[in-house]
Amino acid sequence: MLKKLAKYLRALGYDTIFDENLSDQDLQDISVKENRMLLTRDGALENDTPDSHVIYVKPIEPEDQLAFLASKLPLTFEEQVFMTRCLECNSALQTLQRSELTKRVPTRVYRRHDTFYRCPTCKQIFWHGDHVKRLHAKLTRLLEAA
């Protein structure tokens, strides 16, 4: 229900667990044990979770969900956070130098960038390309609107 929102939060640098295989009880247990906020669109799950650990996300569209969440929580970010967490699996990214990436990224990307980031879990490679600038502008607009 909230996969795109989870990716937005990871892009902002927030440690965000998203696993479609977790049961409602698992989600509740994790939120209480790790003092995490549980975000849900499931009314039953909202009702069964302590108020201090749950936010019912009313909007359907991911951009609206982020704006809604920003109205409930003090979401902030700096440009450098875009390379702190893997958007896919939430692992903390590792900084790599160009010399460590021969033939792992397109040649034009390799030539244009000096610093790259790798997810130690899923092995994805990230860099500050134009897509990061567009995402930064989009998230800035959404958070400022909230």
# chains A, B, ... in the order shown; residues from 1 in each chain; ligands from 1
>>> closest_atom_pairs(of="segment 1-119 of chain A", to="segment 125-140 of chain A", cutoff="6 Å", atoms="only C-alpha atoms", output="tab-separated table")
residue	atom	partner	partner_atom	distance
A:Phe116	CA	A:Trp127	CA	4.9
A:Tyr117	CA	A:Phe126	CA	5.0
A:Arg118	CA	A:Ile125	CA	4.6
>>> write_last_selection(atoms="all heavy atoms", output="tab-separated table (two decimals), in the first residue's frame")
chain	number	residue	atom	x	y	z
A	116	PHE	N	30.57	7.25	-6.11
A	116	PHE	CA	29.46	6.33	-6.31
A	116	PHE	C	29.13	5.69	-4.96
A	116	PHE	O	29.93	5.74	-4.03
A	116	PHE	CB	29.84	5.24	-7.33
A	116	PHE	CG	30.08	5.78	-8.70
A	116	PHE	CD1	31.33	6.27	-9.06
A	116	PHE	CD2	29.07	5.79	-9.64
A	116	PHE	CE1	31.56	6.78	-10.33
A	116	PHE	CE2	29.29	6.29	-10.91
A	116	PHE	CZ	30.53	6.78	-11.26
A	117	TYR	N	27.97	5.10	-4.89
A	117	TYR	CA	27.50	4.48	-3.66
A	117	TYR	C	27.00	3.07	-4.00
A	117	TYR	O	26.39	2.86	-5.04
A	117	TYR	CB	26.38	5.31	-3.04
A	117	TYR	CG	26.77	6.74	-2.86
A	117	TYR	CD1	26.59	7.66	-3.90
A	117	TYR	CD2	27.35	7.19	-1.69
A	117	TYR	CE1	26.97	8.98	-3.76
A	117	TYR	CE2	27.73	8.51	-1.55
A	117	TYR	CZ	27.55	9.40	-2.58
A	117	TYR	OH	27.93	10.71	-2.45
A	118	ARG	N	27.24	2.14	-3.10
A	118	ARG	CA	26.80	0.76	-3.32
A	118	ARG	C	26.02	0.27	-2.11
A	118	ARG	O	26.39	0.53	-0.97
A	118	ARG	CB	27.99	-0.15	-3.55
A	118	ARG	CG	27.58	-1.63	-3.72
A	118	ARG	CD	28.74	-2.55	-3.95
A	118	ARG	NE	29.69	-2.42	-2.85
A	118	ARG	CZ	30.98	-2.70	-2.94
A	118	ARG	NH1	31.49	-3.11	-4.06
A	118	ARG	NH2	31.76	-2.56	-1.89
>>> residues_around(residues="segment 27-29 of chain A", least_positions_apart="3", cutoff="12 Å", atoms="only C-alpha atoms", output="list in words")
Ile17, Phe18, Asp19, Glu20, Asn21, Leu22, Ser23, Asp24, Val32, Lys33, Glu34, Asn35, Arg36, Met37, Leu38, Leu39, Thr40, Asp42, Ala44, Leu45, Glu46, Asn47, Asp48, Thr49, Pro50, Asp51, Ser52, His53 and Val54 of chain A
>>> closest_residue(among="A:Lys4, A:Arg98, A:Lys58, A:Arg10", to="Arg85 of chain A", atoms="only C-alpha atoms")
A:Arg10
>>> atom_distance(atom1="atom CA of Tyr14 of chain A", atom2="atom CA of Glu63 of chain A")
16.4 Å
>>> select_by_dssp(residues="chain A", states="alpha helix (DSSP H)", output="JSON, numbers by chain")
{"A": [3, 4, 5, 6, 7, 8, 9, 10, 11, 24, 25, 26, 27, 28, 29, 30, 31, 32, 33, 43, 44, 45, 46, 47, 48, 62, 63, 64, 65, 66, 67, 68, 69, 70, 71, 72, 107, 108, 109, 110, 111, 112, 130, 131, 132, 133, 134, 135, 136, 137, 138, 139, 140, 141, 142, 143, 144, 145]}
>>> write_last_selection(atoms="C-alpha atoms", output="mmCIF file, in the first residue's frame")
data_model
loop_
_atom_site.group_PDB
_atom_site.id
_atom_site.type_symbol
_atom_site.label_atom_id
_atom_site.label_comp_id
_atom_site.auth_asym_id
_atom_site.auth_seq_id
_atom_site.Cartn_x
_atom_site.Cartn_y
_atom_site.Cartn_z
ATOM 1 C CA LYS A 3 5.825 1.168 -1.206
ATOM 2 C CA LYS A 4 6.413 4.414 -3.113
ATOM 3 C CA LEU A 5 6.084 6.399 0.122
ATOM 4 C CA ALA A 6 8.702 4.101 1.692
ATOM 5 C CA LYS A 7 11.080 4.882 -1.197
ATOM 6 C CA TYR A 8 10.494 8.604 -0.773
ATOM 7 C CA LEU A 9 11.281 8.328 2.941
ATOM 8 C CA ARG A 10 14.456 6.358 2.208
ATOM 9 C CA ALA A 11 15.499 8.998 -0.324
ATOM 10 C CA ASP A 24 0.098 -7.204 10.988
ATOM 11 C CA GLN A 25 1.357 -8.601 14.298
ATOM 12 C CA ASP A 26 4.962 -8.462 13.059
ATOM 13 C CA LEU A 27 4.492 -4.827 12.037
ATOM 14 C CA GLN A 28 3.002 -3.931 15.409
ATOM 15 C CA ASP A 29 5.765 -5.768 17.289
ATOM 16 C CA ILE A 30 8.497 -4.030 15.282
ATOM 17 C CA SER A 31 6.936 -0.597 15.761
ATOM 18 C CA VAL A 32 6.773 -1.018 19.549
ATOM 19 C CA LYS A 33 10.072 -2.883 20.046
ATOM 20 C CA GLY A 43 -7.993 0.733 9.225
ATOM 21 C CA ALA A 44 -7.999 -2.502 11.228
ATOM 22 C CA LEU A 45 -4.239 -2.335 11.719
ATOM 23 C CA GLU A 46 -4.534 1.292 12.784
ATOM 24 C CA ASN A 47 -7.170 0.388 15.382
ATOM 25 C CA ASP A 48 -5.073 -2.481 16.798
ATOM 26 C CA PRO A 62 2.292 8.628 -3.136
ATOM 27 C CA GLU A 63 3.017 12.345 -3.545
ATOM 28 C CA ASP A 64 -0.105 13.192 -1.545
ATOM 29 C CA GLN A 65 0.902 10.591 1.064
ATOM 30 C CA LEU A 66 4.277 12.279 1.544
ATOM 31 C CA ALA A 67 2.697 15.724 1.824
ATOM 32 C CA PHE A 68 0.179 14.333 4.339
ATOM 33 C CA LEU A 69 2.958 12.713 6.376
ATOM 34 C CA ALA A 70 4.945 15.952 6.317
ATOM 35 C CA SER A 71 1.927 17.687 7.855
ATOM 36 C CA LYS A 72 2.030 15.137 10.714
ATOM 37 C CA THR A 107 30.788 4.456 -19.528
ATOM 38 C CA ARG A 108 29.226 7.933 -19.785
ATOM 39 C CA VAL A 109 28.249 7.769 -16.085
ATOM 40 C CA TYR A 110 31.703 6.549 -15.105
ATOM 41 C CA ARG A 111 33.294 9.511 -16.915
ATOM 42 C CA ARG A 112 30.969 12.147 -15.436
ATOM 43 C CA ASP A 130 20.079 14.122 -13.060
ATOM 44 C CA HIS A 131 17.486 11.772 -11.546
ATOM 45 C CA VAL A 132 18.664 12.815 -8.072
ATOM 46 C CA LYS A 133 18.246 16.491 -8.964
ATOM 47 C CA ARG A 134 14.712 15.844 -10.207
ATOM 48 C CA LEU A 135 13.811 13.821 -7.113
ATOM 49 C CA HIS A 136 15.305 16.507 -4.856
ATOM 50 C CA ALA A 137 13.211 19.193 -6.571
ATOM 51 C CA LYS A 138 10.067 17.060 -6.340
ATOM 52 C CA LEU A 139 10.523 16.230 -2.657
ATOM 53 C CA THR A 140 11.404 19.835 -1.824
ATOM 54 C CA ARG A 141 8.190 20.987 -3.516
ATOM 55 C CA LEU A 142 6.086 18.377 -1.703
ATOM 56 C CA LEU A 143 7.547 19.110 1.732
ATOM 57 C CA GLU A 144 7.301 22.875 1.307
ATOM 58 C CA ALA A 145 3.646 22.526 0.287
#
